[in-house]
Amino acid sequence: MTGEDPYPPRRQVLIAEEGFSMDEAIEAVKRDDAGAVVAFIGTVRDDGIDSLHLETYKEAAEEELLAIREEALARFGLLEAVVIHRSGRLRIGDEIVIVACSAAHRREAFDGCRYILEELKRRASIWKKEVGPAGERWLEVGGDPAQARPGEERSHEERDGLEAG
Amino acid sequence: MTGEDPYPPRRQVLIAEEGFSMDEAIEAVKRDDAGAVVAFIGTVRDDGIDSLHLETYKEAAEEELLAIREEALARFGLLEAVVIHRSGRLRIGDEIVIVACSAAHRREAFDGCRYILEELKRRASIWKKEVGPAGERWLEVGGDPAQARPGEERSHEERDGLEAG
Amino acid sequence: MLIHVRAFASFREILGKEKDMDVDGGSTVGDLLDILASSHQGLGPAVFEEDGRVREYVIILRNRERIDSLEGLATVLEEGDEVAILPPVAGG
Amino acid sequence: MLIHVRAFASFREILGKEKDMDVDGGSTVGDLLDILASSHQGLGPAVFEEDGRVREYVIILRNRERIDSLEGLATVLEEGDEVAILPPVAGG
């Protein structure tokens with residue numbers, strides 16, 4: 001198989017300061033040899049908060065997302081994958097993240113999308129702070145409960161439940 | 001919990017004669033109490049075919065899709081779900097189907113989306129005919145191999161592989 | 001009595017998209033399918049197993065209800081009924 | 001020698017976003033963290049277990065590489081290094 005790559009590299013991972021287009025992310029992974037696209041979109045859920053502040057270590061997060069993307073391509077035979085994650089201040093309903101994956105068949109697309117999402121949550125340098133009527137609170141999965149404000153400590157299970165998505 | 005339903009019913013399932021907007025389908029399932037949206041998009045894969053003809057028994061298919069949707073809502077706790085399936089003649093890369101689901105968390109959204117897709121393939125009155133250089137061929141999963149043209153018989157596994165998505 | 005017959009996909013190519021069939025009063029779904037099979041080559045083997053049962057992935061609807069949930073091939077037809085003959089589906 | 005320190009999220013609120021620290025030649029990552037902890041209340045318990053190890057979900061990077069894959073807290077710093085202190089992540 002020689003000849004030009006019909007799919008030149010695109011922007012594959014991005015920490016975005018502004019809102020992004022879901023359609024563009026999905027279009028970016030479509031290919032003629034793909035029969036399936038799976039997209040996950042995480043949004044800010046109304047948990048009695050006013051806003052969600054996303055802080056990122058942009059360079060490190062993009063580096064990690066690129067590595068996760070490569071792993072998913074190799075492991076699940078994905079044809080394309082795009083990850084866009086917001087930073088900055090978001091309101092209820094705003095999009096936090098999109099993970100869009102294409103594959104020949106549905107199973108790879110579902111499994112690859114899920115893998116990227118789980119690894120992103122675990123490994124990418126991204127932090128969330130809930131801002132609500134009662135004040136501010138960092139969401140730190142697996143973090144030190146002592147970091148939570150008094151009276152706001154929750155078990156890991158409960159804290160996991162707090163994550164959007 | 002009384003008061004008006006803040007989410008009035010929308011068009012939830014549709015057999016569409018024309019192309020559809022992925023963005024609109026995704027926007028239609030977003031809700032303030034949802035943190036996760038999963039969308040599956042099936043597209044016509046280039047398998048050496050020229051086009052794919054989709055025939056539907058529209059009334060029966062929409063009825064079945066509505067039933068599948070209700071099952072998924074109840075079983076996976078989905079908050080919203082939209083299914084749009086094309087009929088008519090499609091070319092390589094065209095969208096065949098979108099299944100968009102929202103839920104509080106990612107797991108329900110992934111599982112519910114997958115459930116709807118699998119049941120749709122199994123139960124909805126939709127048929128695909130590949131049109132290629134060698135002629136035409138109905139894709140009938142689990143169907144009678146004798147129905148395939150001579151020299152075109154394939155195992156169920158291989159035939160499953162032919163499905164877009 | 002008149003029965004409206006609809007067929008889809010490969011069955012449509014054998015039978016035509018829809019037609020009204022005039023059958024005797026008291027006819028069953030099985031009677032109707034036999035009449036159709038005798039006049040349309042290829043329909044019989046496509047719809048029936050060798051033992052006469054409807055093939056696993058073939059669906060027969062009377063008034064948009066599966067005959068499996070009625071009395072199967074023995075379901076008695078009434079004037080104006082619609083019978084739809086569906087080959088194995090493959091959507092998505 | 002000057003070491004550039006970056007902190008994020010809850011650690012940034014304790015330490016400030018970034019700063020240059022002047023430490024002795026030959027200092028290790030552990031030495032730097034001890035200096036920071038002694039001058040910023042709350043940092044020590046947030047970064048370290050009681051036995052002095054770095055907490056499981058806390059990540060320390062030297063020049064964007066995890067110290068786990070270097071020599072941990074014993075990793076020796078060089079003039080101009082960047083050390084980043086990351087609390088448990090929670091993206092997605």
# chains A, B, ... in the order shown; residues from 1 in each chain; ligands from 1

call {"tool": "residues_around", "arguments": {"residues": "range 13-28 of chain B", "least_positions_apart": "6", "cutoff": "9 Å", "atoms": "only C-alpha atoms", "output": "PyMOL selection string"}}
result
(chain A and resi 21-23+26) or (chain B and resi 37-39+41+56+58-59+61-63+65-66+69+80-88+94-96+98-102)

call {"tool": "interface_residues", "arguments": {"of": "chain A", "to": "chain C", "cutoff": "12 Å", "atoms": "only C-alpha atoms", "output": "list in words"}}
result
Gly35, Ala36, His105 and Arg106 of chain A

call {"tool": "write_last_selection", "arguments": {"atoms": "C-alpha atoms", "output": "CSV table (one decimal), in the first residue's frame"}}
result
chain,number,residue,atom,x,y,z
A,35,GLY,CA,-19.1,2.7,8.9
A,36,ALA,CA,-19.4,3.9,12.5
A,105,HIS,CA,-17.7,-1.2,12.8
A,106,ARG,CA,-19.7,0.0,15.8

call {"tool": "atom_distance", "arguments": {"atom1": "CA of Glu18 in chain D", "atom2": "CA of Leu54 in chain A"}}
result
17.8 Å

call {"tool": "calpha_fit_and_write", "arguments": {"fixed": "chain C", "moving": "chain D", "output": "short mmCIF file (atom, residue, chain, number, x, y, z; two decimals) with N, CA and C atoms, in the first residue's frame"}}
result
data_model
loop_
_atom_site.label_atom_id
_atom_site.label_comp_id
_atom_site.auth_asym_id
_atom_site.auth_seq_id
_atom_site.Cartn_x
_atom_site.Cartn_y
_atom_site.Cartn_z
N MET D 1 -63.38 -12.14 -0.36
CA MET D 1 -63.11 -10.89 0.39
C MET D 1 -61.74 -10.35 -0.03
N LEU D 2 -61.61 -9.04 0.07
CA LEU D 2 -60.35 -8.43 -0.37
C LEU D 2 -59.37 -8.30 0.80
N ILE D 3 -58.13 -8.71 0.54
CA ILE D 3 -57.04 -8.57 1.51
C ILE D 3 -55.95 -7.73 0.84
N HIS D 4 -55.47 -6.72 1.58
CA HIS D 4 -54.41 -5.88 1.04
C HIS D 4 -53.05 -6.49 1.41
N VAL D 5 -52.22 -6.74 0.41
CA VAL D 5 -50.92 -7.39 0.65
C VAL D 5 -49.81 -6.40 0.38
N ARG D 6 -48.91 -6.27 1.34
CA ARG D 6 -47.73 -5.42 1.15
C ARG D 6 -46.48 -6.27 1.31
N ALA D 7 -45.48 -5.99 0.47
CA ALA D 7 -44.22 -6.74 0.56
C ALA D 7 -43.07 -5.76 0.47
N PHE D 8 -41.95 -6.14 1.07
CA PHE D 8 -40.81 -5.24 1.13
C PHE D 8 -39.53 -5.91 0.69
N ALA D 9 -38.61 -5.07 0.22
CA ALA D 9 -37.24 -5.50 -0.12
C ALA D 9 -37.27 -6.69 -1.09
N SER D 10 -36.56 -7.78 -0.79
CA SER D 10 -36.50 -8.89 -1.75
C SER D 10 -37.88 -9.49 -2.00
N PHE D 11 -38.77 -9.46 -1.01
CA PHE D 11 -40.12 -9.99 -1.20
C PHE D 11 -40.93 -9.07 -2.12
N ARG D 12 -40.69 -7.77 -2.04
CA ARG D 12 -41.34 -6.83 -2.94
C ARG D 12 -40.91 -7.08 -4.39
N GLU D 13 -39.64 -7.45 -4.56
CA GLU D 13 -39.16 -7.70 -5.92
C GLU D 13 -39.83 -8.93 -6.52
N ILE D 14 -40.26 -9.85 -5.65
CA ILE D 14 -40.97 -11.05 -6.13
C ILE D 14 -42.47 -10.76 -6.33
N LEU D 15 -43.04 -10.08 -5.35
CA LEU D 15 -44.50 -9.93 -5.30
C LEU D 15 -45.04 -8.62 -5.85
N GLY D 16 -44.19 -7.62 -5.93
CA GLY D 16 -44.69 -6.26 -6.18
C GLY D 16 -44.92 -5.59 -4.84
N LYS D 17 -44.99 -4.26 -4.89
CA LYS D 17 -45.03 -3.48 -3.64
C LYS D 17 -46.32 -3.72 -2.84
N GLU D 18 -47.46 -3.58 -3.50
CA GLU D 18 -48.71 -3.89 -2.81
C GLU D 18 -49.78 -4.28 -3.82
N LYS D 19 -50.75 -5.05 -3.34
CA LYS D 19 -51.83 -5.49 -4.23
C LYS D 19 -53.01 -5.92 -3.37
N ASP D 20 -54.19 -5.91 -3.97
CA ASP D 20 -55.36 -6.45 -3.28
C ASP D 20 -55.63 -7.84 -3.82
N MET D 21 -55.78 -8.81 -2.90
CA MET D 21 -56.05 -10.19 -3.27
C MET D 21 -57.49 -10.53 -2.89
N ASP D 22 -58.18 -11.20 -3.78
CA ASP D 22 -59.55 -11.64 -3.48
C ASP D 22 -59.51 -13.10 -3.05
N VAL D 23 -59.74 -13.36 -1.78
CA VAL D 23 -59.68 -14.74 -1.27
C VAL D 23 -61.03 -15.13 -0.66
N ASP D 24 -61.22 -16.45 -0.48
CA ASP D 24 -62.48 -16.95 0.09
C ASP D 24 -62.65 -16.48 1.53
N GLY D 25 -63.90 -16.24 1.91
CA GLY D 25 -64.19 -15.96 3.31
C GLY D 25 -63.68 -17.09 4.18
N GLY D 26 -63.14 -16.76 5.36
CA GLY D 26 -62.62 -17.78 6.26
C GLY D 26 -61.19 -18.19 5.98
N SER D 27 -60.59 -17.62 4.95
CA SER D 27 -59.19 -17.96 4.66
C SER D 27 -58.28 -17.52 5.80
N THR D 28 -57.20 -18.28 5.95
CA THR D 28 -56.20 -17.93 6.97
C THR D 28 -55.00 -17.25 6.31
N VAL D 29 -54.11 -16.74 7.15
CA VAL D 29 -52.86 -16.16 6.65
C VAL D 29 -52.10 -17.21 5.85
N GLY D 30 -52.08 -18.44 6.36
CA GLY D 30 -51.41 -19.53 5.66
C GLY D 30 -52.00 -19.77 4.28
N ASP D 31 -53.33 -19.74 4.17
CA ASP D 31 -53.98 -19.91 2.87
C ASP D 31 -53.53 -18.82 1.90
N LEU D 32 -53.52 -17.59 2.39
CA LEU D 32 -53.13 -16.46 1.53
C LEU D 32 -51.69 -16.64 1.03
N LEU D 33 -50.79 -17.01 1.96
CA LEU D 33 -49.39 -17.18 1.57
C LEU D 33 -49.24 -18.32 0.56
N ASP D 34 -50.02 -19.39 0.72
CA ASP D 34 -49.96 -20.51 -0.24
C ASP D 34 -50.39 -20.05 -1.62
N ILE D 35 -51.43 -19.25 -1.67
CA ILE D 35 -51.89 -18.74 -2.97
C ILE D 35 -50.81 -17.88 -3.61
N LEU D 36 -50.22 -16.98 -2.79
CA LEU D 36 -49.16 -16.11 -3.32
C LEU D 36 -47.96 -16.93 -3.78
N ALA D 37 -47.59 -17.94 -2.99
CA ALA D 37 -46.42 -18.75 -3.32
C ALA D 37 -46.64 -19.53 -4.61
N SER D 38 -47.86 -19.99 -4.82
CA SER D 38 -48.13 -20.80 -6.01
C SER D 38 -48.08 -19.96 -7.29
N SER D 39 -48.26 -18.65 -7.15
CA SER D 39 -48.27 -17.81 -8.36
C SER D 39 -47.02 -16.95 -8.50
N HIS D 40 -46.11 -17.01 -7.52
CA HIS D 40 -44.88 -16.20 -7.60
C HIS D 40 -43.68 -17.07 -7.29
N GLN D 41 -42.92 -17.36 -8.32
CA GLN D 41 -41.79 -18.26 -8.17
C GLN D 41 -40.75 -17.69 -7.20
N GLY D 42 -40.24 -18.51 -6.31
CA GLY D 42 -39.21 -18.08 -5.36
C GLY D 42 -39.77 -17.63 -4.04
N LEU D 43 -41.06 -17.31 -3.98
CA LEU D 43 -41.60 -16.82 -2.71
C LEU D 43 -41.66 -17.93 -1.67
N GLY D 44 -42.14 -19.10 -2.09
CA GLY D 44 -42.27 -20.20 -1.14
C GLY D 44 -40.99 -20.50 -0.37
N PRO D 45 -39.88 -20.81 -1.07
CA PRO D 45 -38.63 -21.13 -0.37
C PRO D 45 -38.10 -19.95 0.45
N ALA D 46 -38.44 -18.73 0.04
CA ALA D 46 -37.93 -17.56 0.77
C ALA D 46 -38.69 -17.36 2.08
N VAL D 47 -39.97 -17.74 2.10
CA VAL D 47 -40.80 -17.51 3.29
C VAL D 47 -40.82 -18.73 4.22
N PHE D 48 -40.86 -19.92 3.63
CA PHE D 48 -41.07 -21.13 4.45
C PHE D 48 -39.84 -22.02 4.57
N GLU D 49 -39.71 -22.66 5.74
CA GLU D 49 -38.79 -23.78 5.91
C GLU D 49 -39.37 -24.96 5.12
N GLU D 50 -38.55 -26.00 4.98
CA GLU D 50 -39.03 -27.17 4.24
C GLU D 50 -40.21 -27.84 4.93
N ASP D 51 -40.26 -27.68 6.29
CA ASP D 51 -41.37 -28.31 7.02
C ASP D 51 -42.63 -27.43 7.04
N GLY D 52 -42.59 -26.31 6.34
CA GLY D 52 -43.81 -25.51 6.21
C GLY D 52 -43.93 -24.37 7.23
N ARG D 53 -42.99 -24.33 8.20
CA ARG D 53 -43.04 -23.20 9.14
C ARG D 53 -42.45 -21.95 8.49
N VAL D 54 -42.85 -20.79 9.01
CA VAL D 54 -42.27 -19.53 8.51
C VAL D 54 -40.82 -19.45 8.98
N ARG D 55 -39.94 -19.05 8.08
CA ARG D 55 -38.52 -18.95 8.42
C ARG D 55 -38.31 -18.02 9.61
N GLU D 56 -37.22 -18.29 10.37
CA GLU D 56 -37.01 -17.61 11.65
C GLU D 56 -37.00 -16.09 11.52
N TYR D 57 -36.34 -15.56 10.50
CA TYR D 57 -36.17 -14.11 10.42
C TYR D 57 -37.19 -13.42 9.52
N VAL D 58 -38.14 -14.21 9.01
CA VAL D 58 -39.21 -13.63 8.19
C VAL D 58 -40.35 -13.21 9.12
N ILE D 59 -40.89 -12.04 8.88
CA ILE D 59 -41.98 -11.56 9.74
C ILE D 59 -43.23 -11.35 8.91
N ILE D 60 -44.33 -11.90 9.39
CA ILE D 60 -45.63 -11.67 8.74
C ILE D 60 -46.49 -10.86 9.70
N LEU D 61 -47.01 -9.75 9.21
CA LEU D 61 -47.86 -8.89 10.04
C LEU D 61 -49.29 -8.91 9.51
N ARG D 62 -50.26 -9.04 10.40
CA ARG D 62 -51.65 -8.76 10.02
C ARG D 62 -52.06 -7.47 10.71
N ASN D 63 -52.46 -6.50 9.92
CA ASN D 63 -52.81 -5.19 10.47
C ASN D 63 -51.73 -4.69 11.42
N ARG D 64 -50.51 -4.79 10.95
CA ARG D 64 -49.29 -4.36 11.62
C ARG D 64 -49.02 -5.06 12.95
N GLU D 65 -49.58 -6.24 13.14
CA GLU D 65 -49.31 -7.04 14.34
C GLU D 65 -48.71 -8.36 13.89
N ARG D 66 -47.65 -8.80 14.56
CA ARG D 66 -47.00 -10.06 14.18
C ARG D 66 -47.95 -11.23 14.33
N ILE D 67 -48.01 -12.11 13.35
CA ILE D 67 -48.91 -13.25 13.48
C ILE D 67 -48.44 -14.20 14.59
N ASP D 68 -47.13 -14.10 14.98
CA ASP D 68 -46.63 -14.89 16.12
C ASP D 68 -47.46 -14.62 17.36
N SER D 69 -47.90 -13.38 17.53
CA SER D 69 -48.65 -13.03 18.74
C SER D 69 -50.15 -13.21 18.51
N LEU D 70 -50.52 -13.65 17.30
CA LEU D 70 -51.92 -14.01 17.02
C LEU D 70 -51.95 -15.54 16.97
N GLU D 71 -52.56 -16.09 15.92
CA GLU D 71 -52.58 -17.55 15.86
C GLU D 71 -51.70 -18.09 14.74
N GLY D 72 -50.63 -17.36 14.45
CA GLY D 72 -49.68 -17.82 13.45
C GLY D 72 -50.35 -17.94 12.09
N LEU D 73 -49.92 -18.95 11.33
CA LEU D 73 -50.46 -19.14 9.99
C LEU D 73 -51.95 -19.47 10.02
N ALA D 74 -52.45 -19.91 11.17
CA ALA D 74 -53.86 -20.26 11.29
C ALA D 74 -54.75 -19.04 11.57
N THR D 75 -54.13 -17.87 11.69
CA THR D 75 -54.90 -16.66 11.96
C THR D 75 -55.92 -16.43 10.83
N VAL D 76 -57.17 -16.29 11.18
CA VAL D 76 -58.23 -16.12 10.18
C VAL D 76 -58.31 -14.65 9.75
N LEU D 77 -58.40 -14.47 8.43
CA LEU D 77 -58.43 -13.11 7.88
C LEU D 77 -59.86 -12.58 7.81
N GLU D 78 -59.95 -11.24 7.82
CA GLU D 78 -61.26 -10.60 7.64
C GLU D 78 -61.17 -9.60 6.51
N GLU D 79 -62.29 -9.36 5.88
CA GLU D 79 -62.40 -8.39 4.79
C GLU D 79 -61.64 -7.11 5.14
N GLY D 80 -60.77 -6.69 4.23
CA GLY D 80 -60.07 -5.41 4.42
C GLY D 80 -58.79 -5.51 5.23
N ASP D 81 -58.44 -6.70 5.71
CA ASP D 81 -57.18 -6.84 6.46
C ASP D 81 -55.98 -6.49 5.59
N GLU D 82 -54.93 -6.03 6.26
CA GLU D 82 -53.66 -5.83 5.57
C GLU D 82 -52.69 -6.91 6.03
N VAL D 83 -52.05 -7.59 5.09
CA VAL D 83 -51.01 -8.56 5.43
C VAL D 83 -49.70 -8.07 4.84
N ALA D 84 -48.69 -7.93 5.71
CA ALA D 84 -47.37 -7.47 5.25
C ALA D 84 -46.37 -8.60 5.39
N ILE D 85 -45.53 -8.77 4.37
CA ILE D 85 -44.57 -9.87 4.33
C ILE D 85 -43.17 -9.26 4.32
N LEU D 86 -42.43 -9.51 5.42
CA LEU D 86 -41.17 -8.81 5.64
C LEU D 86 -39.99 -9.79 5.64
N PRO D 87 -39.04 -9.59 4.76
CA PRO D 87 -37.83 -10.42 4.81
C PRO D 87 -36.98 -10.00 6.03
N PRO D 88 -35.92 -10.76 6.32
CA PRO D 88 -35.06 -10.42 7.47
C PRO D 88 -34.58 -8.97 7.38
N VAL D 89 -34.66 -8.27 8.51
CA VAL D 89 -34.30 -6.85 8.51
C VAL D 89 -32.79 -6.68 8.66
N ALA D 90 -32.32 -5.51 8.28
CA ALA D 90 -30.87 -5.26 8.34
C ALA D 90 -30.57 -3.78 8.45
N GLY D 91 -31.31 -3.09 9.35
CA GLY D 91 -31.10 -1.65 9.45
C GLY D 91 -29.86 -1.28 10.24
N GLY D 92 -29.67 0.00 10.42
CA GLY D 92 -28.60 0.52 11.27
C GLY D 92 -27.29 0.72 10.54
#

call {"tool": "atom_distance", "arguments": {"atom1": "CA of Ala109 in chain B", "atom2": "CA of Val97 in chain A"}}
result
14.7 Å

call {"tool": "select_by_dssp", "arguments": {"residues": "range 48-149 of chain B", "states": "alpha helix (DSSP H)", "output": "tab-separated table (two decimals) with N, CA and C atoms, in the first residue's frame"}}
result
chain	number	residue	atom	x	y	z
B	58	LYS	N	-42.21	2.31	6.73
B	58	LYS	CA	-42.06	3.49	7.58
B	58	LYS	C	-42.92	3.43	8.85
B	59	GLU	N	-44.21	3.14	8.70
B	59	GLU	CA	-45.10	3.15	9.86
B	59	GLU	C	-44.67	2.10	10.88
B	60	ALA	N	-44.38	0.89	10.38
B	60	ALA	CA	-43.99	-0.19	11.30
B	60	ALA	C	-42.63	0.10	11.93
B	61	ALA	N	-41.71	0.65	11.15
B	61	ALA	CA	-40.37	0.92	11.67
B	61	ALA	C	-40.43	2.00	12.76
B	62	GLU	N	-41.19	3.06	12.51
B	62	GLU	CA	-41.28	4.13	13.52
B	62	GLU	C	-41.94	3.63	14.80
B	63	GLU	N	-42.95	2.76	14.63
B	63	GLU	CA	-43.63	2.18	15.79
B	63	GLU	C	-42.62	1.36	16.63
B	64	GLU	N	-41.83	0.54	15.95
B	64	GLU	CA	-40.84	-0.31	16.63
B	64	GLU	C	-39.75	0.56	17.27
B	65	LEU	N	-39.32	1.60	16.57
B	65	LEU	CA	-38.28	2.47	17.13
B	65	LEU	C	-38.78	3.17	18.40
B	66	LEU	N	-40.04	3.58	18.37
B	66	LEU	CA	-40.62	4.21	19.57
B	66	LEU	C	-40.62	3.23	20.74
B	67	ALA	N	-40.96	1.96	20.45
B	67	ALA	CA	-40.98	0.95	21.50
B	67	ALA	C	-39.57	0.70	22.04
B	68	ILE	N	-38.61	0.60	21.15
B	68	ILE	CA	-37.22	0.38	21.56
B	68	ILE	C	-36.74	1.55	22.41
B	69	ARG	N	-37.08	2.76	21.97
B	69	ARG	CA	-36.69	3.96	22.71
B	69	ARG	C	-37.26	3.94	24.13
B	70	GLU	N	-38.52	3.59	24.25
B	70	GLU	CA	-39.15	3.53	25.58
B	70	GLU	C	-38.46	2.50	26.47
B	71	GLU	N	-38.14	1.34	25.88
B	71	GLU	CA	-37.43	0.31	26.64
B	71	GLU	C	-36.11	0.84	27.17
B	72	ALA	N	-35.38	1.54	26.31
B	72	ALA	CA	-34.05	2.04	26.69
B	72	ALA	C	-34.17	3.10	27.79
B	73	LEU	N	-35.17	3.96	27.67
B	73	LEU	CA	-35.37	4.98	28.69
B	73	LEU	C	-35.60	4.33	30.06
B	74	ALA	N	-36.46	3.31	30.07
B	74	ALA	CA	-36.81	2.66	31.33
B	74	ALA	C	-35.64	1.83	31.86
B	75	ARG	N	-34.97	1.13	30.97
B	75	ARG	CA	-33.96	0.16	31.39
B	75	ARG	C	-32.64	0.80	31.79
B	76	PHE	N	-32.26	1.89	31.12
B	76	PHE	CA	-30.95	2.49	31.38
B	76	PHE	C	-31.06	3.86	32.04
B	106	ARG	N	-22.17	8.98	32.20
B	106	ARG	CA	-21.72	8.41	30.93
B	106	ARG	C	-22.11	6.96	30.73
B	107	ARG	N	-22.08	6.17	31.79
B	107	ARG	CA	-22.33	4.74	31.61
B	107	ARG	C	-23.71	4.47	31.03
B	108	GLU	N	-24.74	5.11	31.60
B	108	GLU	CA	-26.09	4.91	31.10
B	108	GLU	C	-26.22	5.37	29.65
B	109	ALA	N	-25.56	6.49	29.35
B	109	ALA	CA	-25.67	7.03	27.99
B	109	ALA	C	-25.04	6.07	26.97
B	110	PHE	N	-23.87	5.52	27.30
B	110	PHE	CA	-23.22	4.55	26.41
B	110	PHE	C	-24.08	3.30	26.26
B	111	ASP	N	-24.51	2.74	27.40
B	111	ASP	CA	-25.23	1.47	27.36
B	111	ASP	C	-26.58	1.63	26.65
B	112	GLY	N	-27.27	2.73	26.94
B	112	GLY	CA	-28.57	2.95	26.31
B	112	GLY	C	-28.45	3.14	24.81
B	113	CYS	N	-27.42	3.85	24.39
B	113	CYS	CA	-27.22	4.10	22.95
B	113	CYS	C	-26.97	2.77	22.24
B	114	ARG	N	-26.13	1.96	22.84
B	114	ARG	CA	-25.80	0.67	22.24
B	114	ARG	C	-27.02	-0.24	22.17
B	115	TYR	N	-27.82	-0.21	23.22
B	115	TYR	CA	-29.03	-1.04	23.24
B	115	TYR	C	-29.97	-0.66	22.10
B	116	ILE	N	-30.22	0.63	21.97
B	116	ILE	CA	-31.13	1.08	20.91
B	116	ILE	C	-30.61	0.65	19.54
B	117	LEU	N	-29.31	0.80	19.34
B	117	LEU	CA	-28.72	0.46	18.04
B	117	LEU	C	-28.87	-1.03	17.74
B	118	GLU	N	-28.55	-1.87	18.74
B	118	GLU	CA	-28.63	-3.32	18.51
B	118	GLU	C	-30.07	-3.76	18.25
B	119	GLU	N	-31.00	-3.21	19.01
B	119	GLU	CA	-32.40	-3.60	18.83
B	119	GLU	C	-32.95	-3.10	17.51
B	120	LEU	N	-32.54	-1.91	17.13
B	120	LEU	CA	-32.93	-1.35	15.84
B	120	LEU	C	-32.53	-2.28	14.70
B	121	LYS	N	-31.28	-2.74	14.75
B	121	LYS	CA	-30.78	-3.63	13.70
B	121	LYS	C	-31.57	-4.93	13.64
B	122	ARG	N	-32.05	-5.35	14.80
B	122	ARG	CA	-32.69	-6.65	14.90
B	122	ARG	C	-34.19	-6.57	14.62
B	123	ARG	N	-34.79	-5.42	14.94
B	123	ARG	CA	-36.25	-5.39	14.97
B	123	ARG	C	-36.94	-4.41	14.02

call {"tool": "closest_residue", "arguments": {"among": "A:His53, A:Ile92, A:Gly48, A:Ala103", "to": "Leu139 in chain A", "atoms": "only C-alpha atoms"}}
result
A:His53

call {"tool": "select_by_dssp", "arguments": {"residues": "range 36-88 of chain C", "states": "strand (DSSP E or B)", "output": "list in words"}}
result
Phe48, Val54, Ile59, Ile60, Leu61, Arg62, Glu65, Arg66, Val76, Glu82, Val83, Ala84, Ile85 and Leu86 of chain C

call {"tool": "atom_distance", "arguments": {"atom1": "CA of Gly132 in chain B", "atom2": "CA of Asp50 in chain B"}}
result
4.8 Å

call {"tool": "residues_around", "arguments": {"residues": "Asp46 in chain B", "least_positions_apart": "3", "cutoff": "8 Å", "atoms": "only C-alpha atoms", "output": "list in words"}}
result
Asp32, Asp33 and Ala34 of chain A; Ile49, Ile92 and Gly93 of chain B
